[in-house]
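Coordinates from target.csv are shown below (CSV, C-alpha atoms).
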```csv
chain,number,residue,atom,x,y,z
A,1,MET,CA,19.3,2.4,15.0
A,2,THR,CA,21.9,0.0,16.4
A,3,LYS,CA,24.4,-1.9,14.3
A,4,THR,CA,22.6,-5.1,15.1
A,5,ASP,CA,19.3,-3.6,13.8
A,6,LYS,CA,21.0,-2.4,10.6
A,7,PHE,CA,22.4,-5.8,10.1
A,8,LYS,CA,18.9,-7.3,10.6
A,9,TYR,CA,17.5,-5.0,7.9
A,10,GLN,CA,20.2,-5.9,5.5
A,11,LYS,CA,19.5,-9.6,6.1
A,12,LEU,CA,15.7,-8.9,5.6
A,13,ILE,CA,16.4,-7.3,2.2
A,14,GLU,CA,18.8,-10.1,1.2
A,15,ARG,CA,16.1,-12.6,2.1
A,16,CYS,CA,13.6,-10.8,0.0
A,17,ILE,CA,15.9,-10.8,-3.0
A,18,ASN,CA,16.5,-14.5,-2.5
A,19,GLY,CA,12.8,-15.3,-2.6
A,20,ASP,CA,11.8,-15.6,1.0
A,21,GLU,CA,8.1,-14.9,1.2
A,22,SER,CA,8.0,-14.3,5.0
A,23,ALA,CA,10.8,-11.6,4.6
A,24,TRP,CA,8.7,-9.9,1.9
A,25,GLU,CA,5.7,-9.9,4.2
A,26,GLU,CA,7.7,-8.4,7.0
A,27,LEU,CA,9.0,-5.7,4.6
A,28,VAL,CA,5.5,-5.0,3.2
A,29,GLU,CA,4.3,-4.5,6.8
A,30,LYS,CA,7.0,-1.8,7.3
A,31,ILE,CA,6.3,0.1,4.1
A,32,THR,CA,2.5,-0.1,3.9
A,33,PRO,CA,1.8,2.8,6.3
A,34,ALA,CA,4.3,5.0,4.3
A,35,ILE,CA,2.2,4.4,1.1
A,36,LEU,CA,-1.3,4.3,2.4
A,37,SER,CA,-1.0,7.3,4.8
A,38,VAL,CA,0.2,9.5,1.9
A,39,CYS,CA,-2.6,8.2,-0.3
A,40,ARG,CA,-5.1,9.0,2.5
A,41,ILE,CA,-3.7,12.6,2.9
A,42,MET,CA,-4.0,13.1,-0.8
A,43,ARG,CA,-7.6,11.8,-0.6
A,44,LEU,CA,-7.2,9.2,-3.2
A,45,SER,CA,-9.9,6.6,-3.7
A,46,SER,CA,-9.5,3.0,-2.6
A,47,ASP,CA,-8.9,2.0,-6.3
A,48,GLU,CA,-6.3,4.7,-6.8
A,49,SER,CA,-4.6,3.8,-3.5
A,50,LEU,CA,-4.3,0.1,-4.3
A,51,ASP,CA,-3.1,1.0,-7.8
A,52,ILE,CA,-0.3,3.2,-6.3
A,53,PHE,CA,0.5,0.5,-3.7
A,54,GLY,CA,1.0,-2.1,-6.5
A,55,GLN,CA,3.2,0.2,-8.6
A,56,VAL,CA,5.3,1.2,-5.6
A,57,CYS,CA,5.8,-2.5,-4.5
A,58,TYR,CA,6.8,-3.4,-8.1
A,59,LEU,CA,9.3,-0.6,-8.3
A,60,LEU,CA,10.7,-1.4,-4.9
A,61,LEU,CA,11.2,-5.0,-5.8
A,62,GLN,CA,13.0,-3.9,-9.0
A,63,ASN,CA,15.4,-1.7,-7.0
A,64,LEU,CA,15.7,-3.7,-3.8
A,65,TYR,CA,19.3,-4.7,-4.3
A,66,LYS,CA,20.3,-1.0,-4.3
A,67,LEU,CA,18.7,-0.3,-0.9
A,68,LYS,CA,20.7,-1.5,2.1
A,69,SER,CA,19.0,0.2,5.1
A,70,SER,CA,15.5,0.6,6.4
A,71,ASP,CA,16.0,4.4,6.5
A,72,LYS,CA,16.6,4.4,2.7
A,73,ILE,CA,13.7,2.1,2.1
A,74,ILE,CA,11.1,4.4,3.8
A,75,GLY,CA,12.6,7.4,2.0
A,76,TYR,CA,12.6,5.6,-1.3
A,77,VAL,CA,9.0,4.3,-0.9
A,78,SER,CA,7.7,7.7,0.1
A,79,MET,CA,9.5,9.4,-2.8
A,80,ILE,CA,8.1,6.9,-5.4
A,81,THR,CA,4.6,7.1,-3.7
A,82,ARG,CA,4.6,10.8,-4.2
A,83,ARG,CA,5.8,10.5,-7.8
A,84,GLU,CA,3.1,7.9,-8.6
A,85,ILE,CA,0.4,10.0,-7.0
A,86,LEU,CA,1.5,13.0,-9.1
A,87,ARG,CA,1.0,10.8,-12.1
A,88,VAL,CA,-2.6,10.0,-11.0
A,89,ILE,CA,-3.2,13.7,-10.3
A,90,ARG,CA,-2.0,14.6,-13.8
A,91,ARG,CA,-4.3,12.1,-15.3
A,92,LYS,CA,-7.2,13.5,-13.3
A,93,GLN,CA,-6.3,17.0,-14.4
A,94,PHE,CA,-6.3,15.8,-18.0
A,95,PHE,CA,-9.9,14.6,-17.5
A,96,ASP,CA,-10.8,17.8,-15.6
A,97,ASN,CA,-9.8,19.7,-18.7
A,98,ILE,CA,-12.2,17.8,-20.9
A,99,ASP,CA,-15.1,19.8,-19.8
A,100,THR,CA,-18.1,17.5,-19.9
A,101,GLU,CA,-20.6,16.6,-17.2
A,102,ILE,CA,-19.5,13.0,-17.2
A,103,THR,CA,-15.9,13.6,-16.6
A,104,LYS,CA,-16.8,16.2,-14.0
A,105,SER,CA,-18.8,13.6,-12.1
A,106,ILE,CA,-15.9,11.1,-12.4
A,107,SER,CA,-13.2,13.5,-11.1
A,108,VAL,CA,-14.7,14.6,-7.8
A,109,THR,CA,-11.5,14.5,-5.6
A,110,LYS,CA,-10.3,17.9,-4.5
A,111,PHE,CA,-6.6,18.4,-3.5
A,112,LYS,CA,-4.9,20.6,-1.1
A,113,LYS,CA,-2.1,23.0,-2.3
A,114,PRO,CA,0.9,20.9,-3.4
A,115,ASP,CA,3.3,22.6,-0.9
A,116,GLU,CA,0.9,21.9,2.0
A,117,LEU,CA,0.6,18.3,1.0
A,118,LEU,CA,4.4,17.9,0.5
A,119,GLU,CA,5.0,19.3,4.0
A,120,GLU,CA,2.4,17.0,5.5
A,121,THR,CA,3.7,13.9,3.7
A,122,LYS,CA,7.4,14.7,4.6
A,123,ASN,CA,6.4,15.0,8.2
A,124,LEU,CA,4.8,11.6,8.2
A,125,GLU,CA,7.7,10.2,6.4
A,126,SER,CA,10.0,11.4,9.2
A,127,LEU,CA,7.7,9.8,11.8
A,128,LEU,CA,7.7,6.5,9.9
A,129,LYS,CA,11.5,6.6,9.6
A,130,ALA,CA,11.8,7.2,13.3
A,131,VAL,CA,9.5,4.3,14.1
A,132,VAL,CA,11.6,1.9,12.1
A,133,GLU,CA,14.7,3.2,13.8
A,134,LEU,CA,13.5,1.9,17.1
A,135,PRO,CA,15.1,-1.3,18.4
A,136,GLU,CA,13.2,-4.4,17.0
A,137,LYS,CA,11.2,-5.3,20.1
A,138,GLU,CA,10.1,-1.7,20.7
A,139,TYR,CA,9.3,-1.2,17.0
A,140,LYS,CA,7.1,-4.3,17.1
A,141,LEU,CA,5.3,-3.1,20.2
A,142,ILE,CA,4.6,0.3,18.7
A,143,TRP,CA,3.5,-1.5,15.5
A,144,TYR,CA,1.0,-3.7,17.4
A,145,LEU,CA,-0.3,-0.9,19.5
A,146,PHE,CA,-0.7,1.8,16.8
A,147,LEU,CA,-0.3,0.5,13.3
A,148,ASP,CA,-1.5,-3.1,13.1
A,149,ASP,CA,-4.9,-3.2,11.3
A,150,GLU,CA,-5.9,-6.3,13.3
A,151,GLU,CA,-5.6,-4.3,16.6
A,152,PRO,CA,-4.3,-7.1,18.8
A,153,SER,CA,-5.3,-7.2,22.5
A,154,TYR,CA,-2.7,-6.8,25.3
A,155,GLU,CA,-2.8,-10.6,25.8
A,156,GLU,CA,-2.1,-11.2,22.1
A,157,ILE,CA,0.8,-8.7,22.1
A,158,SER,CA,2.2,-10.3,25.3
A,159,GLU,CA,2.2,-13.7,23.6
A,160,LYS,CA,3.6,-12.4,20.3
A,161,LEU,CA,6.5,-10.5,22.0
A,162,ASP,CA,6.9,-12.9,24.8
A,163,ILE,CA,6.6,-10.2,27.5
A,164,PRO,CA,4.2,-10.1,30.5
A,165,VAL,CA,1.0,-8.0,30.0
A,166,ALA,CA,2.0,-5.9,32.9
A,167,SER,CA,5.2,-4.7,31.2
A,168,ILE,CA,3.4,-3.5,28.0
A,169,GLY,CA,2.5,-0.1,29.6
A,170,PRO,CA,6.0,0.7,30.9
A,171,THR,CA,7.6,-0.5,27.6
A,172,ARG,CA,5.2,1.6,25.6
A,173,ILE,CA,6.1,4.8,27.4
A,174,ARG,CA,9.8,4.0,27.1
A,175,SER,CA,9.4,3.3,23.4
A,176,LEU,CA,7.4,6.5,22.9
A,177,LYS,CA,10.1,8.5,24.7
A,178,LYS,CA,12.8,7.0,22.5
A,179,LEU,CA,10.7,7.8,19.5
A,180,LYS,CA,10.4,11.5,20.7
A,181,LYS,CA,14.2,11.6,21.0
A,182,ILE,CA,14.7,10.3,17.5
A,183,LEU,CA,12.2,12.7,16.1
A,184,LYS,CA,13.8,15.6,18.0
A,185,ARG,CA,17.2,14.6,16.4
A,186,LYS,CA,15.5,14.5,13.0
A,187,GLY,CA,13.9,18.0,13.5
A,188,PHE,CA,10.4,16.7,13.4
A,189,LYS,CA,7.8,19.5,13.5
B,190,MET,CA,0.0,14.9,39.2
B,191,LYS,CA,0.1,11.4,37.6
B,192,LYS,CA,3.2,10.5,35.7
B,193,ASN,CA,2.9,10.6,31.9
B,194,GLN,CA,3.4,6.8,31.7
B,195,ASP,CA,0.0,6.4,33.3
B,196,ARG,CA,-1.7,8.8,30.9
B,197,ILE,CA,-1.4,7.2,27.5
B,198,GLU,CA,-4.8,5.5,27.8
B,199,GLU,CA,-6.4,8.8,28.8
B,200,LEU,CA,-4.7,10.7,26.0
B,201,ASN,CA,-5.8,8.0,23.5
B,202,ALA,CA,-9.3,8.3,24.8
B,203,LEU,CA,-9.2,12.1,24.2
B,204,LEU,CA,-7.9,11.5,20.7
B,205,LYS,CA,-10.7,9.1,19.9
B,206,GLY,CA,-13.3,11.5,21.3
B,207,LEU,CA,-14.2,9.2,24.1
B,208,LEU,CA,-13.7,11.7,26.9
B,209,LYS,CA,-16.7,13.9,27.8
B,210,GLY,CA,-17.6,16.8,30.2
B,211,LYS,CA,-15.5,17.5,33.2
B,212,GLN,CA,-13.0,14.7,32.5
B,213,LYS,CA,-12.3,16.1,29.0
B,214,LYS,CA,-12.0,19.7,30.3
B,215,ALA,CA,-9.6,18.8,33.1
B,216,LEU,CA,-7.3,17.0,30.7
B,217,LEU,CA,-7.4,19.8,28.1
B,218,ASP,CA,-6.5,22.3,30.9
B,219,GLU,CA,-3.7,20.1,32.0
B,220,LEU,CA,-2.4,19.8,28.4
B,221,GLN,CA,-2.1,23.6,28.3
B,222,LYS,CA,0.0,23.7,31.4
B,223,ASP,CA,2.2,20.6,31.0
B,224,ALA,CA,4.5,20.8,28.0
B,225,GLU,CA,5.8,17.2,28.4
B,226,LEU,CA,2.3,15.8,28.5
B,227,PHE,CA,1.4,18.0,25.5
B,228,ASP,CA,4.4,16.6,23.6
B,229,MET,CA,3.2,13.1,24.2
B,230,PHE,CA,-0.3,14.0,23.1
B,231,TYR,CA,1.1,15.5,19.9
B,232,LEU,CA,3.1,12.4,19.2
B,233,LEU,CA,0.1,10.2,19.7
B,234,GLN,CA,-1.9,12.4,17.4
B,235,LYS,CA,0.7,12.1,14.7
B,236,MET,CA,0.8,8.3,15.2
B,237,ALA,CA,-2.9,8.2,14.7
B,238,GLU,CA,-2.4,10.0,11.3
B,239,ILE,CA,-0.2,7.2,10.0
B,240,ALA,CA,-2.3,4.5,11.5
B,241,PRO,CA,-4.8,2.7,9.3
B,242,ASN,CA,-8.5,3.3,9.8
B,243,ARG,CA,-9.3,0.2,11.8
B,244,PRO,CA,-10.5,-2.2,10.5
B,245,ASP,CA,-8.6,-1.1,7.4
B,246,LEU,CA,-9.9,-3.2,4.5
B,247,LEU,CA,-7.6,-1.4,2.1
B,248,GLN,CA,-4.6,-2.6,4.2
B,249,ALA,CA,-6.0,-6.2,3.9
B,250,ALA,CA,-6.3,-5.8,0.1
B,251,SER,CA,-2.7,-4.5,-0.1
B,252,LYS,CA,-1.4,-7.5,1.9
B,253,LYS,CA,-3.1,-9.9,-0.6
B,254,LEU,CA,-1.9,-8.0,-3.6
B,255,SER,CA,1.6,-7.8,-2.3
B,256,LYS,CA,1.7,-11.6,-2.0
B,257,THR,CA,0.6,-12.3,-5.6
B,258,LEU,CA,2.9,-9.5,-6.8
B,259,TYR,CA,5.9,-11.0,-5.1
B,260,LYS,CA,5.2,-14.5,-6.5
B,261,ASP,CA,4.8,-13.1,-10.0
B,262,PHE,CA,7.9,-11.1,-9.6
B,263,LEU,CA,10.0,-14.1,-8.6
B,264,LYS,CA,8.6,-16.1,-11.5
B,265,GLU,CA,9.4,-13.3,-13.8
B,266,GLN,CA,13.0,-13.1,-12.5
B,267,ALA,CA,13.5,-16.8,-12.9
B,268,SER,CA,12.2,-17.0,-16.4
B,269,SER,CA,14.8,-16.2,-19.1
B,270,LYS,CA,12.9,-17.2,-22.3
B,271,ILE,CA,9.4,-15.8,-21.6
B,272,GLN,CA,8.4,-12.5,-20.0
B,273,ILE,CA,5.9,-13.1,-17.2
B,274,GLY,CA,3.3,-10.4,-16.2
B,275,VAL,CA,3.4,-9.2,-12.7
B,276,GLN,CA,0.0,-8.3,-11.2
B,277,VAL,CA,0.0,-4.8,-9.8
B,278,PHE,CA,-3.7,-4.2,-9.4
B,279,ASP,CA,-6.9,-6.3,-8.8
B,280,SER,CA,-10.1,-4.5,-8.1
B,281,SER,CA,-11.7,-7.7,-6.7
B,282,LEU,CA,-9.5,-7.4,-3.7
B,283,LEU,CA,-11.0,-4.0,-2.7
B,284,PRO,CA,-13.7,-3.7,-0.1
B,285,LEU,CA,-17.1,-2.7,-1.6
B,286,PRO,CA,-18.5,0.7,-0.7
B,287,LYS,CA,-21.0,0.7,2.2
B,288,GLY,CA,-24.4,-0.5,1.1
B,289,VAL,CA,-23.3,-2.0,-2.2
B,290,ARG,CA,-24.2,-5.6,-2.7
B,291,PRO,CA,-21.5,-7.8,-4.3
B,292,ALA,CA,-23.9,-8.7,-7.2
B,293,ALA,CA,-24.1,-5.0,-8.1
B,294,VAL,CA,-20.4,-4.8,-8.9
B,295,ASP,CA,-19.6,-7.3,-11.6
B,296,THR,CA,-16.7,-5.8,-13.5
B,297,ARG,CA,-13.2,-6.7,-12.5
B,298,GLN,CA,-10.2,-4.5,-13.4
B,299,LEU,CA,-6.7,-6.0,-13.5
B,300,LYS,CA,-3.4,-4.5,-14.2
B,301,TYR,CA,-0.1,-6.3,-15.0
B,302,GLN,CA,3.4,-5.0,-15.5
B,303,LEU,CA,4.9,-6.7,-18.5
B,304,GLY,CA,8.5,-5.5,-18.8
B,305,GLN,CA,8.2,-1.9,-19.8
B,306,SER,CA,4.6,-2.2,-20.8
B,307,VAL,CA,1.5,-2.2,-18.7
B,308,VAL,CA,-1.5,-4.4,-19.6
B,309,GLU,CA,-4.9,-3.3,-18.2
B,310,LEU,CA,-7.8,-5.8,-18.3
B,311,SER,CA,-11.5,-5.4,-17.8
B,312,ILE,CA,-13.4,-8.6,-17.2
B,313,TYR,CA,-17.2,-8.5,-17.7
B,314,PRO,CA,-19.4,-11.5,-16.9
B,315,VAL,CA,-21.4,-12.7,-19.9
B,316,THR,CA,-23.0,-15.9,-18.6
B,317,ILE,CA,-22.5,-17.8,-15.4
B,318,ASP,CA,-19.5,-19.7,-16.8
B,319,SER,CA,-18.0,-17.2,-19.3
B,320,VAL,CA,-16.6,-13.7,-19.3
B,321,GLU,CA,-15.6,-11.0,-21.8
B,322,ILE,CA,-12.1,-9.7,-21.7
B,323,ILE,CA,-11.2,-6.3,-23.0
B,324,GLY,CA,-7.5,-5.3,-22.6
B,325,GLN,CA,-5.2,-2.4,-23.5
B,326,ILE,CA,-1.5,-2.4,-23.6
B,327,ASN,CA,0.4,0.8,-22.7
B,328,GLY,CA,4.0,1.5,-23.5
B,329,LEU,CA,4.3,-0.2,-26.9
B,330,LYS,CA,6.2,1.4,-29.7
B,331,LYS,CA,4.1,3.2,-32.3
B,332,ASN,CA,2.4,0.9,-34.9
B,333,GLN,CA,3.8,-2.2,-33.2
B,334,LYS,CA,1.9,-5.3,-34.1
B,335,LEU,CA,1.1,-7.8,-31.5
B,336,SER,CA,-1.1,-10.9,-31.4
B,337,VAL,CA,-2.9,-12.0,-28.3
B,338,THR,CA,-3.9,-15.6,-27.5
B,339,ALA,CA,-6.3,-16.6,-24.7
B,340,GLU,CA,-5.8,-20.2,-23.6
B,341,THR,CA,-8.2,-22.0,-21.3
B,342,LYS,CA,-8.7,-25.7,-20.7
B,343,SER,CA,-11.3,-26.0,-23.4
B,344,ARG,CA,-10.4,-23.5,-26.0
B,345,THR,CA,-7.7,-21.3,-27.6
B,346,GLN,CA,-8.6,-18.0,-29.2
B,347,ARG,CA,-6.5,-15.6,-31.0
B,348,THR,CA,-6.8,-11.9,-31.8
B,349,SER,CA,-4.6,-8.8,-32.5
B,350,ILE,CA,-4.3,-5.4,-30.9
B,351,ASP,CA,-5.9,-2.5,-32.8
B,352,GLU,CA,-4.5,1.0,-33.5
B,353,PHE,CA,-5.3,2.0,-29.9
B,354,CYS,CA,-3.5,-1.1,-28.6
B,355,LEU,CA,-6.8,-2.6,-27.5
B,356,PHE,CA,-7.8,-6.2,-27.8
B,357,ARG,CA,-11.0,-8.2,-27.0
B,358,PHE,CA,-12.2,-11.7,-26.4
B,359,GLU,CA,-16.0,-11.9,-26.4
B,360,ARG,CA,-16.4,-15.1,-24.5
B,361,VAL,CA,-13.8,-16.8,-22.4
B,362,ALA,CA,-14.6,-19.7,-20.1
B,363,VAL,CA,-14.2,-19.0,-16.4
B,364,GLY,CA,-11.4,-20.8,-14.6
B,365,ASP,CA,-7.7,-20.6,-15.3
B,366,CYS,CA,-6.7,-18.6,-18.3
B,367,ARG,CA,-3.4,-17.7,-19.9
B,368,LEU,CA,-2.9,-14.7,-22.2
B,369,LEU,CA,0.0,-14.9,-24.5
B,370,PHE,CA,1.4,-11.9,-26.3
B,371,SER,CA,3.7,-12.4,-29.2
B,372,SER,CA,5.3,-10.4,-31.9
B,373,GLU,CA,8.1,-10.8,-34.4
B,374,ASN,CA,10.6,-8.5,-32.6
B,375,ILE,CA,9.7,-8.8,-28.9
B,376,LYS,CA,10.1,-11.5,-26.3
B,377,GLU,CA,7.0,-13.7,-25.9
B,378,SER,CA,5.0,-12.7,-22.8
B,379,ILE,CA,2.5,-14.4,-20.6
B,380,ILE,CA,-0.2,-13.3,-18.1
B,381,GLU,CA,-1.8,-16.0,-16.0
B,382,LEU,CA,-5.2,-15.2,-14.6
B,383,SER,CA,-7.9,-16.9,-12.7
B,384,LEU,CA,-11.3,-15.8,-14.0
```

Starting from the file, give its structure as structure tokens.
Amino acid sequence: MTKTDKFKYQKLIERCINGDESAWEELVEKITPAILSVCRIMRLSSDESLDIFGQVCYLLLQNLYKLKSSDKIIGYVSMITRREILRVIRRKQFFDNIDTEITKSISVTKFKKPDELLEETKNLESLLKAVVELPEKEYKLIWYLFLDDEEPSYEEISEKLDIPVASIGPTRIRSLKKLKKILKRKGFK
Amino acid sequence: MKKNQDRIEELNALLKGLLKGKQKKALLDELQKDAELFDMFYLLQKMAEIAPNRPDLLQAASKKLSKTLYKDFLKEQASSKIQIGVQVFDSSLLPLPKGVRPAAVDTRQLKYQLGQSVVELSIYPVTIDSVEIIGQINGLKKNQKLSVTAETKSRTQRTSIDEFCLFRFERVAVGDCRLLFSSENIKESIIELSL
């Protein structure tokens, strides 16, 4: 990540602290995959995932002033997401131990072994950290192409990023190659 | 051989299961031989793992929740005299499971962070213009007494929490409602909801 990008993230955090709603929306856009992808791997229900999301956002807001780089934010968000999920799992296990047909029917979610899950979520965390390390324009392109739930068309992306449609393909491959380099540096498996 | 930069669409099609027959076999063979192409395919595969399931309704619910949460949080930060509840969960934002009609799901679950405590609310419709509110407060000190007031445009009702920190209002008019939590030794707290 360039110095300019680091400065931009610091500004983004400062704007959030100062009550700028658009800055908070931008930050939420960056952290949402880190939370929801971990919830998906852990096979949490929609209710549980939204519950985790709310808790993580609340804790992030409370501690925002301590976090001064995007790298730290993704790390922090992933860490508290895992912690909050463990809390949900413990609560489920509590219900599993109460051996009744009703609670059995409530707690149907099965989990992988903790070490397997940890490895999987840490790998995804590295990928997300690498994505946010890309220069702003390339980060946005990767976001629109792979992570935006609205799945914008090439024409819409071209308009949003102010680049010709024809240059989306070459920029995409350049961005992916940069991403590979960052991941290699981070020891991504 | 085509350059990798021309192959992203093809690799994406393979990932999405859109390639069939000879075309699929040819690309799979190529992936085995070309390490660089395989690396790109692996990266795209990992990107797909962190990508939302499109259209991701959970992501849409998260966006809405994050907006309310931020507004509540700012209000809470700005208020020095009264503690304001920050909404951290609202089941009504969630997409309904496939095949379930909206009328079949009538209970709404809400969760608020109130300082160190968490207030969980269940809202059940009673009539077309009234609901029942059952709430529980977690994180209170043992045997702490707390009174809860529900204020709407037309009526103010008051109750106290029981030994399980539960409280209940049998009939509250739909519309804007304010729940006030007060006790002798803690800061007065407010939750604002739209029923």

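Taking all atoms listed in the file, the non-local environment of B:Leu283 within 7 Å (same-chain residues fewer than 2 positions away omitted) comprises Leu247, Ala250, Ser280, Ser281 and Leu285 of chain B.
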
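Closest approach to A:Leu27 among B:Thr296, B:Lys211, B:Lys252, B:Val320: B:Lys252, based on all atoms listed in the file.
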
**OP:** Quick one: everything within 10 Å of A:Lys180, counting all atoms listed in the file, minus sequence neighbours fewer than 5 positions away in the same chain. Send it as a VMD selection string.
**Re:** (chain A and resid 127 130 to 131 174 to 175 185 to 186 188) or (chain B and resid 228 to 229 232)

**OP:** Take the point (2.0, -1.3, -11.0) in the file's coordinates, draw a sphere of radius 8 Å around it, and report as number ranges by chain every protein, DNA or RNA residue with an atom inside or on it, counting only C-alpha atoms.
**Re:** A: 51-59; B: 276-278, 300-302, 307

Based on the selection just made, write C-alpha atoms of those residues as a PDB file, in the frame of the given file.
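The resulting file, selection16.pdb, is reproduced below:
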```
ATOM      1  CA  ASP A  51      -3.100   1.000  -7.800  1.00  0.00           C
ATOM      2  CA  ILE A  52      -0.300   3.200  -6.300  1.00  0.00           C
ATOM      3  CA  PHE A  53       0.500   0.500  -3.700  1.00  0.00           C
ATOM      4  CA  GLY A  54       1.000  -2.100  -6.500  1.00  0.00           C
ATOM      5  CA  GLN A  55       3.200   0.200  -8.600  1.00  0.00           C
ATOM      6  CA  VAL A  56       5.300   1.200  -5.600  1.00  0.00           C
ATOM      7  CA  CYS A  57       5.800  -2.500  -4.500  1.00  0.00           C
ATOM      8  CA  TYR A  58       6.800  -3.400  -8.100  1.00  0.00           C
ATOM      9  CA  LEU A  59       9.300  -0.600  -8.300  1.00  0.00           C
TER      10      LEU A  59
ATOM     11  CA  GLN B 276       0.000  -8.300 -11.200  1.00  0.00           C
ATOM     12  CA  VAL B 277       0.000  -4.800  -9.800  1.00  0.00           C
ATOM     13  CA  PHE B 278      -3.700  -4.200  -9.400  1.00  0.00           C
ATOM     14  CA  LYS B 300      -3.400  -4.500 -14.200  1.00  0.00           C
ATOM     15  CA  TYR B 301      -0.100  -6.300 -15.000  1.00  0.00           C
ATOM     16  CA  GLN B 302       3.400  -5.000 -15.500  1.00  0.00           C
ATOM     17  CA  VAL B 307       1.500  -2.200 -18.700  1.00  0.00           C
TER      18      VAL B 307
END
```

Original post:
chain B residues within 9 Å of chain A, counting only C-alpha atoms: which ones, as an NGL selection string?
Top reply: :B and (193-195 or 197 or 228-229 or 232-233 or 235-252 or 254-256 or 258-260 or 262-263 or 275-280 or 283-284 or 300 or 302)

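Taking atom CA of A:Glu14 and atom CA of B:Glu265 as endpoints, the distance between them is 18.0 Å.
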
**OP:** Have a look at A:Ile80, A:Arg87, A:Lys72, A:Leu64 and name the one nearest to A:Arg15; count only C-alpha atoms.
**Re:**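 Comparing A:Ile80, A:Arg87, A:Lys72, A:Leu64 against A:Arg15, the winner is A:Leu64.
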
**OP:** Within 12 Å of B:Val315, counting only C-alpha atoms, which residues show up once you throw out same-chain ones fewer than 2 positions away? Write them as a VMD selection string, please.
**Re:** chain B and resid 295 to 296 312 to 313 317 to 322 358 to 363

Original post:
Expressed in Å to a single decimal, how great is the separation between atom CA of B:Leu203 and atom CA of B:Ala215?
Top reply: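 So the answer is 11.1 Å.
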
N, CA and C atoms are needed for stretch 17-31 of chain A; please write them out as an mmCIF file, in the coordinates of the input.
```
data_model
loop_
_atom_site.group_PDB
_atom_site.id
_atom_site.type_symbol
_atom_site.label_atom_id
_atom_site.label_comp_id
_atom_site.auth_asym_id
_atom_site.auth_seq_id
_atom_site.Cartn_x
_atom_site.Cartn_y
_atom_site.Cartn_z
ATOM 1 N N ILE A 17 15.325 -10.595 -1.636
ATOM 2 C CA ILE A 17 15.900 -10.800 -3.000
ATOM 3 C C ILE A 17 16.054 -12.261 -3.289
ATOM 4 N N ASN A 18 16.313 -13.059 -2.240
ATOM 5 C CA ASN A 18 16.500 -14.500 -2.500
ATOM 6 C C ASN A 18 15.171 -15.289 -2.484
ATOM 7 N N GLY A 19 14.047 -14.585 -2.464
ATOM 8 C CA GLY A 19 12.800 -15.300 -2.600
ATOM 9 C C GLY A 19 12.086 -15.761 -1.376
ATOM 10 N N ASP A 20 12.444 -15.172 -0.221
ATOM 11 C CA ASP A 20 11.800 -15.600 1.000
ATOM 12 C C ASP A 20 10.516 -14.799 1.241
ATOM 13 N N GLU A 21 9.380 -15.517 1.119
ATOM 14 C CA GLU A 21 8.100 -14.900 1.200
ATOM 15 C C GLU A 21 7.816 -14.193 2.567
ATOM 16 N N SER A 22 8.293 -14.840 3.637
ATOM 17 C CA SER A 22 8.000 -14.300 5.000
ATOM 18 C C SER A 22 8.802 -12.948 5.142
ATOM 19 N N ALA A 23 9.986 -12.862 4.530
ATOM 20 C CA ALA A 23 10.800 -11.600 4.600
ATOM 21 C C ALA A 23 10.038 -10.515 3.839
ATOM 22 N N TRP A 24 9.483 -10.864 2.689
ATOM 23 C CA TRP A 24 8.700 -9.900 1.900
ATOM 24 C C TRP A 24 7.511 -9.382 2.682
ATOM 25 N N GLU A 25 6.823 -10.314 3.363
ATOM 26 C CA GLU A 25 5.700 -9.900 4.200
ATOM 27 C C GLU A 25 6.072 -8.940 5.269
ATOM 28 N N GLU A 26 7.239 -9.228 5.880
ATOM 29 C CA GLU A 26 7.700 -8.400 7.000
ATOM 30 C C GLU A 26 8.067 -6.968 6.395
ATOM 31 N N LEU A 27 8.673 -6.949 5.227
ATOM 32 C CA LEU A 27 9.000 -5.700 4.600
ATOM 33 C C LEU A 27 7.780 -4.890 4.207
ATOM 34 N N VAL A 28 6.804 -5.607 3.658
ATOM 35 C CA VAL A 28 5.500 -5.000 3.200
ATOM 36 C C VAL A 28 4.860 -4.332 4.468
ATOM 37 N N GLU A 29 4.933 -5.034 5.601
ATOM 38 C CA GLU A 29 4.300 -4.500 6.800
ATOM 39 C C GLU A 29 4.966 -3.159 7.196
ATOM 40 N N LYS A 30 6.282 -3.049 6.953
ATOM 41 C CA LYS A 30 7.000 -1.800 7.300
ATOM 42 C C LYS A 30 6.674 -0.664 6.336
ATOM 43 N N ILE A 31 6.478 -0.993 5.058
ATOM 44 C CA ILE A 31 6.300 0.100 4.100
ATOM 45 C C ILE A 31 4.839 0.493 3.862
#
```
